[in-house]
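Shown below: run.txt, with compact mmCIF, C-alpha atoms and all ligand atoms.
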```txt
# COMPACT_ATOMS: atom_id res chain seq x y z
CA MET A 258 68.32 110.76 103.12
CA LEU A 259 68.56 108.25 100.30
CA ILE A 260 72.00 107.30 101.53
CA ARG A 261 70.76 106.99 105.11
CA SER A 262 68.34 104.29 104.07
CA ARG A 263 71.13 102.24 102.47
CA ARG A 264 73.42 101.99 105.44
CA GLY A 265 74.31 98.44 106.40
CA TRP A 266 73.87 98.85 110.09
CA GLU A 267 70.43 100.28 109.42
CA MET A 268 69.40 97.21 107.45
CA ALA A 269 65.79 96.21 107.80
CA GLU A 270 65.51 93.31 110.25
CA ARG A 271 64.25 91.04 107.48
CA ASP A 272 67.39 91.73 105.38
CA ALA A 273 69.88 91.00 108.10
CA THR A 274 71.01 87.81 109.72
CA PRO A 275 71.33 88.88 113.34
CA GLU A 276 74.68 87.80 114.72
CA GLY A 277 73.04 85.50 117.30
CA VAL A 278 71.01 83.68 114.67
CA PHE A 279 73.99 83.53 112.33
CA HIS A 280 76.20 81.94 114.96
CA ASP A 281 73.49 79.69 116.36
CA ARG A 282 73.12 78.36 112.84
CA ARG A 283 76.88 77.79 112.60
CA ARG A 284 76.89 76.10 116.02
CA LEU A 285 74.01 73.90 114.96
CA LEU A 286 75.73 72.94 111.72
CA ARG A 287 78.97 72.28 113.58
CA GLY A 288 77.06 70.14 116.10
CA MET A 289 75.65 68.18 113.19
CA GLY A 290 79.15 67.78 111.79
CA MET A 291 78.12 69.70 108.67
CA LEU A 292 80.38 72.74 108.82
CA PRO A 293 83.54 70.99 107.54
CA LEU A 294 81.40 69.30 104.94
CA MET A 295 79.97 72.63 103.81
CA ALA A 296 83.41 74.20 103.77
CA GLY A 297 84.52 71.34 101.55
CA THR A 298 81.62 71.96 99.23
CA LEU A 299 82.45 75.65 99.11
CA THR A 300 86.02 74.74 98.27
CA LEU A 301 84.76 72.92 95.22
CA THR A 302 82.10 75.37 94.12
CA ALA A 303 83.65 78.71 95.04
CA CYS A 304 87.25 79.47 94.24
CA GLY A 305 89.36 76.65 95.52
CA GLU A 306 89.70 78.22 98.97
CA ASP A 307 87.85 78.00 102.23
CA ALA A 308 87.38 81.09 104.41
CA ALA A 309 90.80 80.84 106.08
CA ALA A 310 92.76 79.24 103.25
CA VAL A 311 96.16 80.49 102.09
CA SER A 312 96.65 81.28 98.43
CA SER A 313 99.59 79.44 96.87
CA ASP A 314 100.39 82.37 94.52
CA ASP A 315 101.32 84.69 97.40
CA PRO A 316 105.13 85.19 97.28
CA THR A 317 105.28 86.29 100.92
CA ALA A 318 103.11 83.47 102.33
CA GLY A 319 106.24 81.68 103.55
CA LEU A 320 106.98 84.50 106.03
CA TYR A 321 104.20 83.35 108.39
CA PRO A 322 103.81 82.60 111.23
CA VAL A 323 105.85 85.47 112.65
CA GLN A 324 107.08 85.96 116.20
CA ARG A 325 104.54 87.23 118.70
CA ASN A 326 105.20 90.53 120.46
CA PRO A 327 104.35 89.68 124.12
CA THR A 328 103.66 93.32 125.06
CA PHE A 329 100.04 93.19 123.99
CA GLU A 330 97.92 90.97 126.23
CA LEU A 331 94.24 90.16 126.02
CA ASP A 332 91.57 90.19 128.73
CA ARG A 333 89.52 87.55 126.91
CA ALA A 334 89.94 84.44 124.81
CA LEU A 335 90.91 84.69 121.16
CA THR A 336 87.96 84.63 118.80
CA ASP A 337 87.50 81.44 116.87
CA GLU A 338 89.24 81.83 113.48
CA ALA A 339 86.17 80.58 111.61
CA GLU A 340 84.07 83.33 113.21
CA ALA A 341 86.52 86.16 112.54
CA THR A 342 86.89 85.14 108.90
CA THR A 343 83.21 84.60 108.07
CA TYR A 344 81.45 87.48 109.89
CA ASN A 345 82.77 90.61 108.22
CA ASN A 346 82.04 94.15 107.14
CA TYR A 347 83.38 94.89 103.68
CA TYR A 348 80.96 97.07 101.72
CA GLU A 349 82.89 96.75 98.47
CA PHE A 350 81.56 93.19 98.42
CA GLY A 351 78.09 93.87 99.85
CA SER A 352 76.38 95.29 102.90
CA HIS A 353 75.76 91.96 104.64
CA LYS A 354 78.04 90.00 106.95
CA THR A 355 78.70 86.99 104.72
CA ILE A 356 80.82 88.66 102.07
CA TRP A 357 83.71 86.25 102.62
CA ARG A 358 82.94 84.10 99.64
CA ALA A 359 82.47 87.05 97.22
CA ALA A 360 85.75 88.54 98.47
CA GLN A 361 87.69 85.49 97.25
CA GLU A 362 87.44 86.98 93.74
CA LEU A 363 89.67 89.94 94.64
CA PRO A 364 92.99 89.56 92.77
CA LEU A 365 95.91 90.19 95.15
CA ARG A 366 98.82 90.22 92.68
CA PRO A 367 100.01 92.42 91.13
CA TRP A 368 99.24 94.90 93.95
CA THR A 369 100.87 98.31 94.03
CA VAL A 370 100.82 100.69 96.97
CA ARG A 371 101.13 104.40 96.24
CA PHE A 372 102.73 106.89 98.64
CA ASP A 373 102.03 110.49 97.65
CA GLY A 374 101.05 113.99 98.71
CA MET A 375 103.36 115.68 101.19
CA VAL A 376 106.24 113.21 100.93
CA GLU A 377 109.87 113.71 99.92
CA LYS A 378 109.24 111.71 96.76
CA PRO A 379 106.01 110.00 95.62
CA MET A 380 106.51 106.28 95.02
CA ASP A 381 104.67 103.20 93.80
CA VAL A 382 105.80 100.13 95.67
CA ASP A 383 105.01 96.51 94.91
CA ILE A 384 103.28 94.83 97.88
CA ASP A 385 105.88 92.06 98.25
CA THR A 386 108.75 94.58 98.22
CA LEU A 387 106.94 96.53 100.94
CA ILE A 388 106.14 93.49 103.12
CA LYS A 389 109.73 92.23 102.86
CA ALA A 390 111.06 95.65 103.91
CA MET A 391 108.98 95.68 107.11
CA PRO A 392 109.71 94.05 110.49
CA LEU A 393 106.86 91.55 110.84
CA GLU A 394 105.50 90.54 114.24
CA GLU A 395 102.29 89.16 115.68
CA ARG A 396 100.07 91.13 118.07
CA LEU A 397 96.97 90.02 119.96
CA TYR A 398 94.52 92.90 119.84
CA ARG A 399 90.94 93.47 120.88
CA PHE A 400 88.70 94.81 118.11
CA ARG A 401 85.42 96.68 118.64
CA CYS A 402 82.95 97.41 115.85
CA VAL A 403 80.68 100.47 116.17
CA GLU A 404 77.80 97.99 115.85
CA ALA A 405 78.74 96.72 119.37
CA TRP A 406 80.23 93.36 118.43
CA ALA A 407 83.82 92.63 119.36
CA MET A 408 86.54 90.10 118.72
CA ALA A 409 90.12 89.41 119.79
CA VAL A 410 92.50 88.22 117.08
CA PRO A 411 96.18 87.64 116.34
CA TRP A 412 97.22 90.06 113.60
CA SER A 413 100.56 89.72 111.85
CA GLY A 414 102.07 92.83 110.37
CA PHE A 415 104.22 95.78 111.30
CA PRO A 416 103.98 99.02 113.27
CA MET A 417 102.47 101.78 111.18
CA ALA A 418 105.29 104.02 112.42
CA LYS A 419 107.63 101.94 110.23
CA LEU A 420 105.48 102.60 107.20
CA VAL A 421 105.40 106.34 107.90
CA GLU A 422 109.20 106.29 108.20
CA TYR A 423 109.38 104.42 104.86
CA ALA A 424 107.08 106.99 103.18
CA LYS A 425 109.26 109.94 104.30
CA PRO A 426 106.51 112.56 104.82
CA LEU A 427 107.42 116.23 104.90
CA SER A 428 107.41 117.79 108.37
CA SER A 429 104.42 119.90 107.26
CA ALA A 430 102.22 116.79 106.77
CA ARG A 431 99.64 116.43 109.55
CA TYR A 432 97.43 113.56 108.37
CA VAL A 433 97.75 110.32 106.48
CA VAL A 434 94.78 109.31 104.33
CA MET A 435 94.45 105.62 103.45
CA SER A 436 92.33 104.30 100.58
CA THR A 437 90.99 100.92 99.53
CA PHE A 438 91.11 99.78 95.88
CA GLY A 439 88.51 101.17 93.47
CA ALA A 440 86.73 99.74 90.43
CA ASP A 441 89.80 100.39 88.25
CA HIS A 442 91.63 97.75 90.28
CA TYR A 443 88.74 95.32 90.69
CA PRO A 444 85.03 96.00 90.04
CA ALA A 445 83.76 94.52 93.30
CA PRO A 446 79.95 94.38 93.31
CA GLY A 447 79.46 96.98 96.07
CA LEU A 448 81.38 99.57 94.04
CA ARG A 449 78.43 99.67 91.66
CA GLN A 450 76.36 101.18 94.50
CA ARG A 451 77.07 104.75 93.45
CA TRP A 452 75.51 106.41 96.50
CA TYR A 453 78.56 105.39 98.55
CA PRO A 454 81.52 107.80 98.37
CA TRP A 455 84.05 105.29 96.99
CA PRO A 456 86.84 104.60 97.41
CA TYR A 457 86.59 103.71 101.11
CA GLN A 458 88.97 106.10 102.78
CA GLU A 459 90.12 106.68 106.31
CA GLY A 460 92.52 109.04 108.00
CA LEU A 461 94.73 109.42 111.06
CA THR A 462 96.85 112.24 112.35
CA ILE A 463 100.57 111.61 111.99
CA GLN A 464 100.73 111.35 115.81
CA GLU A 465 98.08 108.62 115.78
CA ALA A 466 99.71 106.82 112.86
CA THR A 467 103.05 106.74 114.63
CA ASN A 468 101.63 105.70 118.00
CA GLU A 469 102.98 102.36 119.17
CA LEU A 470 99.56 100.68 118.81
CA ALA A 471 98.83 101.64 115.20
CA PHE A 472 99.49 98.56 113.13
CA ILE A 473 99.37 97.52 109.50
CA ALA A 474 98.17 93.95 109.20
CA THR A 475 99.36 91.60 106.48
CA GLY A 476 98.44 88.39 108.30
CA LEU A 477 95.86 86.86 110.63
CA TYR A 478 96.02 83.65 112.73
CA GLY A 479 99.60 83.02 111.64
CA LYS A 480 98.84 83.13 107.89
CA PRO A 481 98.53 85.81 105.23
CA ILE A 482 95.45 87.89 105.97
CA PRO A 483 92.32 86.54 104.25
CA LYS A 484 90.79 88.65 101.51
CA GLN A 485 87.59 89.26 103.48
CA ASN A 486 89.65 90.69 106.37
CA GLY A 487 91.48 93.16 104.13
CA ALA A 488 94.28 91.45 102.21
CA PRO A 489 96.93 92.24 101.40
CA LEU A 490 97.35 95.32 103.64
CA ARG A 491 94.94 96.65 106.26
CA LEU A 492 94.97 99.26 109.01
CA VAL A 493 94.45 98.12 112.62
CA VAL A 494 93.79 100.82 115.23
CA PRO A 495 92.30 98.92 118.19
CA TRP A 496 91.35 101.98 120.27
CA LYS A 497 89.02 103.19 117.52
CA TYR A 498 85.76 101.77 116.21
CA GLY A 499 86.13 99.09 113.55
CA PHE A 500 85.15 101.32 110.62
CA LYS A 501 88.47 103.20 110.97
CA ASN A 502 90.32 99.93 110.22
CA VAL A 503 90.34 100.35 106.46
CA LYS A 504 91.01 97.24 104.33
CA SER A 505 92.94 96.31 101.18
CA LEU A 506 94.97 99.50 100.97
CA VAL A 507 96.35 100.89 97.73
CA ARG A 508 97.27 104.41 98.76
CA PHE A 509 98.80 106.40 101.61
CA HIS A 510 98.37 110.11 100.97
CA PHE A 511 100.04 112.65 103.28
CA THR A 512 98.39 116.03 103.69
CA ASP A 513 98.03 119.01 106.02
CA LYS A 514 94.22 118.98 105.66
CA ARG A 515 91.95 116.77 107.69
CA PRO A 516 90.24 114.40 105.24
CA THR A 517 86.54 113.58 105.17
CA THR A 518 86.38 109.88 105.83
CA PHE A 519 84.04 107.33 104.20
CA TRP A 520 81.37 107.04 106.92
CA GLU A 521 81.77 110.67 107.89
CA ALA A 522 80.85 111.61 104.31
CA ILE A 523 77.76 109.40 104.56
CA ASP A 524 76.58 110.73 107.93
CA SER A 525 78.85 112.99 109.94
CA ASN A 526 76.35 113.10 112.84
CA GLU A 527 76.83 109.41 113.45
CA TYR A 528 80.39 108.67 112.33
CA GLY A 529 83.07 111.20 113.11
CA PHE A 530 86.70 111.52 112.15
CA TRP A 531 88.11 110.51 115.54
CA ALA A 532 85.82 107.58 116.35
CA ASN A 533 87.58 106.66 119.59
CA ILE A 534 85.83 104.01 121.66
CA ASN A 535 83.94 105.22 124.74
CA PRO A 536 81.23 103.27 126.57
CA GLU A 537 79.77 106.51 127.92
CA VAL A 538 79.16 108.13 124.56
CA PRO A 539 76.30 106.30 122.88
CA HIS A 540 75.90 106.08 119.14
CA PRO A 541 72.88 108.28 118.32
CA ARG A 542 70.79 105.12 117.88
CA TRP A 543 72.23 102.59 120.36
CA SER A 544 74.28 102.27 123.52
CA GLN A 545 78.03 101.60 123.41
CA ALA A 546 78.18 100.50 127.07
CA SER A 547 78.79 96.83 126.34
CA GLU A 548 79.88 94.56 123.51
CA ARG A 549 78.94 91.10 122.23
CA LEU A 550 81.89 88.79 121.77
CA LEU A 551 81.75 87.27 118.33
CA GLY A 552 80.84 83.61 118.35
CA THR A 553 80.33 83.19 122.11
CA GLY A 554 77.04 84.88 122.96
CA GLU A 555 78.93 86.52 125.87
CA THR A 556 78.70 90.23 126.64
CA MET A 557 81.42 92.37 128.26
CA PRO A 558 81.50 95.99 129.40
CA THR A 559 83.18 98.22 126.83
CA ARG A 560 86.25 100.11 128.03
CA ILE A 561 87.31 103.62 127.08
CA TYR A 562 89.77 103.49 124.17
CA ASN A 563 88.92 99.76 124.15
CA GLY A 564 91.19 99.39 127.19
CA TYR A 565 94.22 100.95 125.44
CA GLY A 566 94.10 104.33 127.19
CA GLU A 567 97.61 103.96 128.62
CA TYR A 568 98.93 104.03 125.04
CA VAL A 569 96.67 106.58 123.42
CA ALA A 570 94.88 108.89 125.88
CA ASP A 571 97.71 111.44 125.66
CA LEU A 572 97.12 111.85 121.93
CA TYR A 573 93.90 113.70 122.72
CA LYS A 574 95.12 116.09 125.41
CA GLY A 575 94.10 119.61 124.44
CA LEU A 576 91.44 118.32 122.02
CA GLU A 577 88.70 118.00 124.64
CA GLY A 578 86.45 120.41 122.71
CA GLU A 579 86.40 118.06 119.70
CA ARG A 580 83.96 115.22 119.15
CA LEU A 581 86.49 112.53 119.98
CA PHE A 582 84.24 109.53 120.59
CA THR A 583 81.63 108.90 117.90
N1 LIG A 601 87.31 98.65 104.86
C1 LIG A 601 86.75 98.69 103.65
N2 LIG A 601 87.52 98.95 102.58
N3 LIG A 601 85.43 98.49 103.45
C2 LIG A 601 84.58 98.25 104.51
O1 LIG A 601 83.37 98.10 104.31
N4 LIG A 601 84.36 98.02 106.93
C3 LIG A 601 84.89 98.50 108.21
C4 LIG A 601 86.35 98.06 108.38
N5 LIG A 601 87.12 98.31 107.18
C5 LIG A 601 85.14 98.21 105.82
C6 LIG A 601 86.54 98.39 105.95
C7 LIG A 601 84.10 98.04 109.34
S1 LIG A 601 82.60 98.82 109.55
C8 LIG A 601 84.55 97.11 110.20
S2 LIG A 601 83.70 96.76 111.65
C9 LIG A 601 85.78 96.35 109.95
O2 LIG A 601 86.38 96.68 108.70
C10 LIG A 601 85.49 94.87 109.97
O3 LIG A 601 86.67 94.14 109.88
P1 LIG A 601 86.62 92.56 109.81
O4 LIG A 601 85.67 92.19 108.73
O5 LIG A 601 88.01 92.08 109.54
O6 LIG A 601 86.11 92.10 111.17
```

Now that the file is in, can you turn its structure into structure tokens?
Ligand code: MTE
Amino acid sequence: MLIRSRRGWEMAERDATPEGVFHDRRRLLRGMGMLPLMAGTLTLTACGEDAAAVSSDDPTAGLYPVQRNPTFELDRALTDEAEATTYNNYYEFGSHKTIWRAAQELPLRPWTVRFDGMVEKPMDVDIDTLIKAMPLEERLYRFRCVEAWAMAVPWSGFPMAKLVEYAKPLSSARYVVMSTFGADHYPAPGLRQRWYPWPYQEGLTIQEATNELAFIATGLYGKPIPKQNGAPLRLVVPWKYGFKNVKSLVRFHFTDKRPTTFWEAIDSNEYGFWANINPEVPHPRWSQASERLLGTGETMPTRIYNGYGEYVADLYKGLEGERLFT
């Protein structure tokens, strides 16, 4: 019950900046010509970067932009980069939407990614070695948060199937569990909130992880992915609610046991393992029938599997008895 009261999307109205107000304020500031000015100020006072800036000490920064894969088309305009990089969920840095500035403190190098569990041979791989070994491409994907806001963004990265191939799991492995950094890597302020089951962890079946749509992002808008969006390595599964898209990964653990995921551990009645998008299955406390497009004030009907059913619906054949959609 204590934990329930701490959940970000249950924030008291007075503690939250509703998205509409947040963006109206940005629009107002932009109209007044103040947003670039403020960004400039932040550049001076924060950490030498604005929300979408590229760090010069990133050895793989020169790889971007990468070639777009034309297979994945959108049914809506791309979200404004400034919106997608300043309205975020990243509880390690706080339970509000404006964590982008705090996230700039996250050190990205050295960054080691561990592959372990049911694999031929556990390994620790340096992030730049991993990125250089992967076939980078750009994909335009829709993204739908469980909170009913949505965006459409150009991710750069590689198919997760390539990463699974690289990890060499044993044939007995059934799940891959992905974890974000913990306090040993960087003591982000949210990690001091002990009631959360850190580290943030998510899981997919091997079939889901090797589906054509499952993607590991290393870039966004033709540049290395910003820290607040999950640098240097982040899962993107566009047919599932946003909370499955775990950020800043340090570990891929292969197992034959279904893991308990971060939000599932907090409240399994509200956030399940599968978390596939379905407009007809409401969240226990709100409807999922439609979604607000970030930064536009527009609303669109939500589509089952976020409109990606042709790629993923078959993954769930025979699992109809399971709670696939919340
Ligand atoms: N990953 C970590 N490590 N920590 C988080 O708090 N939030 C999730 C997901 N991945 C989260 C995370 C949620 S609830 C959402 S909606 C998306 O990240 C938001 O991604 P974005 O900030 O890039 O839009």

> With only C-alpha atoms and all ligand atoms as the atoms that count, which of A:Asp314, A:Glu521, A:Glu469, A:Glu330 lies nearest to ligand LIG 601 (chain A)?
Replying inline: A:Glu521

> CA of Arg401 (chain A) to atom S2 of ligand LIG 601 (chain A): how many Å, to one decimal?
Replying inline: 7.2 Å

Compute the set of protein, DNA and RNA residues whose minimum atom distance to ligand LIG 601 (chain A) is at most 9 Å, using only C-alpha atoms and all ligand atoms, and state it as a short mmCIF file (atom, residue, chain, number, x, y, z; two decimals) with C-alpha atoms, in the coordinates of the input.
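Writing the result to pocket01.cif gives the following:
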```cif
data_model
loop_
_atom_site.label_atom_id
_atom_site.label_comp_id
_atom_site.auth_asym_id
_atom_site.auth_seq_id
_atom_site.Cartn_x
_atom_site.Cartn_y
_atom_site.Cartn_z
CA GLY A 265 74.31 98.44 106.40
CA TRP A 266 73.87 98.85 110.09
CA ALA A 341 86.52 86.16 112.54
CA THR A 342 86.89 85.14 108.90
CA THR A 343 83.21 84.60 108.07
CA TYR A 344 81.45 87.48 109.89
CA ASN A 345 82.77 90.61 108.22
CA ASN A 346 82.04 94.15 107.14
CA TYR A 347 83.38 94.89 103.68
CA TYR A 348 80.96 97.07 101.72
CA GLU A 349 82.89 96.75 98.47
CA PHE A 350 81.56 93.19 98.42
CA GLY A 351 78.09 93.87 99.85
CA SER A 352 76.38 95.29 102.90
CA LYS A 354 78.04 90.00 106.95
CA ILE A 356 80.82 88.66 102.07
CA TRP A 357 83.71 86.25 102.62
CA PHE A 400 88.70 94.81 118.11
CA ARG A 401 85.42 96.68 118.64
CA CYS A 402 82.95 97.41 115.85
CA VAL A 403 80.68 100.47 116.17
CA GLU A 404 77.80 97.99 115.85
CA TRP A 406 80.23 93.36 118.43
CA ALA A 407 83.82 92.63 119.36
CA MET A 408 86.54 90.10 118.72
CA SER A 436 92.33 104.30 100.58
CA THR A 437 90.99 100.92 99.53
CA PHE A 438 91.11 99.78 95.88
CA PRO A 456 86.84 104.60 97.41
CA TYR A 457 86.59 103.71 101.11
CA GLN A 458 88.97 106.10 102.78
CA GLU A 459 90.12 106.68 106.31
CA PRO A 483 92.32 86.54 104.25
CA GLN A 485 87.59 89.26 103.48
CA ASN A 486 89.65 90.69 106.37
CA GLY A 487 91.48 93.16 104.13
CA ARG A 491 94.94 96.65 106.26
CA LEU A 492 94.97 99.26 109.01
CA TYR A 498 85.76 101.77 116.21
CA GLY A 499 86.13 99.09 113.55
CA PHE A 500 85.15 101.32 110.62
CA LYS A 501 88.47 103.20 110.97
CA ASN A 502 90.32 99.93 110.22
CA VAL A 503 90.34 100.35 106.46
CA LYS A 504 91.01 97.24 104.33
CA SER A 505 92.94 96.31 101.18
CA LEU A 506 94.97 99.50 100.97
CA PHE A 519 84.04 107.33 104.20
CA TRP A 520 81.37 107.04 106.92
#
```

> Of the candidates A:Asp571, A:Asp383, A:Glu395, A:Glu362, which one gets nearest to Pro481 (chain A) if we count all atoms listed in the file?
Replying inline: A:Glu395

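Note that the spacing between CA of Lys574 (chain A) and CA of Lys425 (chain A) amounts to 26.1 Å.
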
>> Give me, as number ranges by chain, all polymer residues having an atom no more than 12 Å from Arg580 (chain A), counting only C-alpha atoms and skipping those fewer than 6 positions away in the same chain.
In response: A: 525-535, 538, 573

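Minimum atom-to-atom distance to Tyr453 (chain A), evaluated using only C-alpha atoms, belongs to A:Ala522 out of A:Ala405, A:Ala334, A:Ala522, A:Ala570.
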
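Note that the spacing between CA of Trp368 (chain A) and CA of Thr517 (chain A) amounts to 25.2 Å.
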
>> Report as a list of chain:residue names all protein, DNA and RNA residues lying within 7 Å of Val493 (chain A), evaluated on only C-alpha atoms, omitting residues in the same chain fewer than 5 positions from it.
In response: A:Ala471, A:Phe472, A:Ile473, A:Ala474, A:Asn502

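Among the candidates A:Val569, A:Val323, A:Met375, A:Leu470, the one nearest to Arg399 (chain A) when counting all atoms listed in the file is A:Leu470.
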
Distance query Pro516 (chain A) at most 8 Å, all atoms listed in the file, self and fewer than 3 positions along chain excluded, as a PDB file with C-alpha atoms, keeping the file's coordinate frame:
```
ATOM      1  CA  TYR A 432      97.430 113.560 108.370  1.00  0.00           C
ATOM      2  CA  VAL A 434      94.780 109.310 104.330  1.00  0.00           C
ATOM      3  CA  GLU A 459      90.120 106.680 106.310  1.00  0.00           C
ATOM      4  CA  GLY A 460      92.520 109.040 108.000  1.00  0.00           C
TER       5      GLY A 460
END
```

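Nearest to Glu422 (chain A) of all the residues A:Val494, A:Ala409, A:Leu365, A:Met391 is A:Met391, based on only C-alpha atoms.
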
> What's the 8 Å shell around region 316-319 of chain A, counting only C-alpha atoms, without same-chain residues fewer than 6 positions away, as a ChimeraX atom specification?
Replying inline: /A:385,388-389,480-481

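All residues of protein, DNA or RNA that reach within 7 Å of Asn563 (chain A), judged by only C-alpha atoms and not counting those fewer than 3 positions away in the chain, are Pro495, Trp496, Ile534, Thr559 and Arg560 of chain A.
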
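With distances taken over all atoms listed in the file, A:Pro364 is the one residue among A:Glu548, A:Leu461, A:Pro364, A:Ala430 lying closest to Pro444 (chain A).
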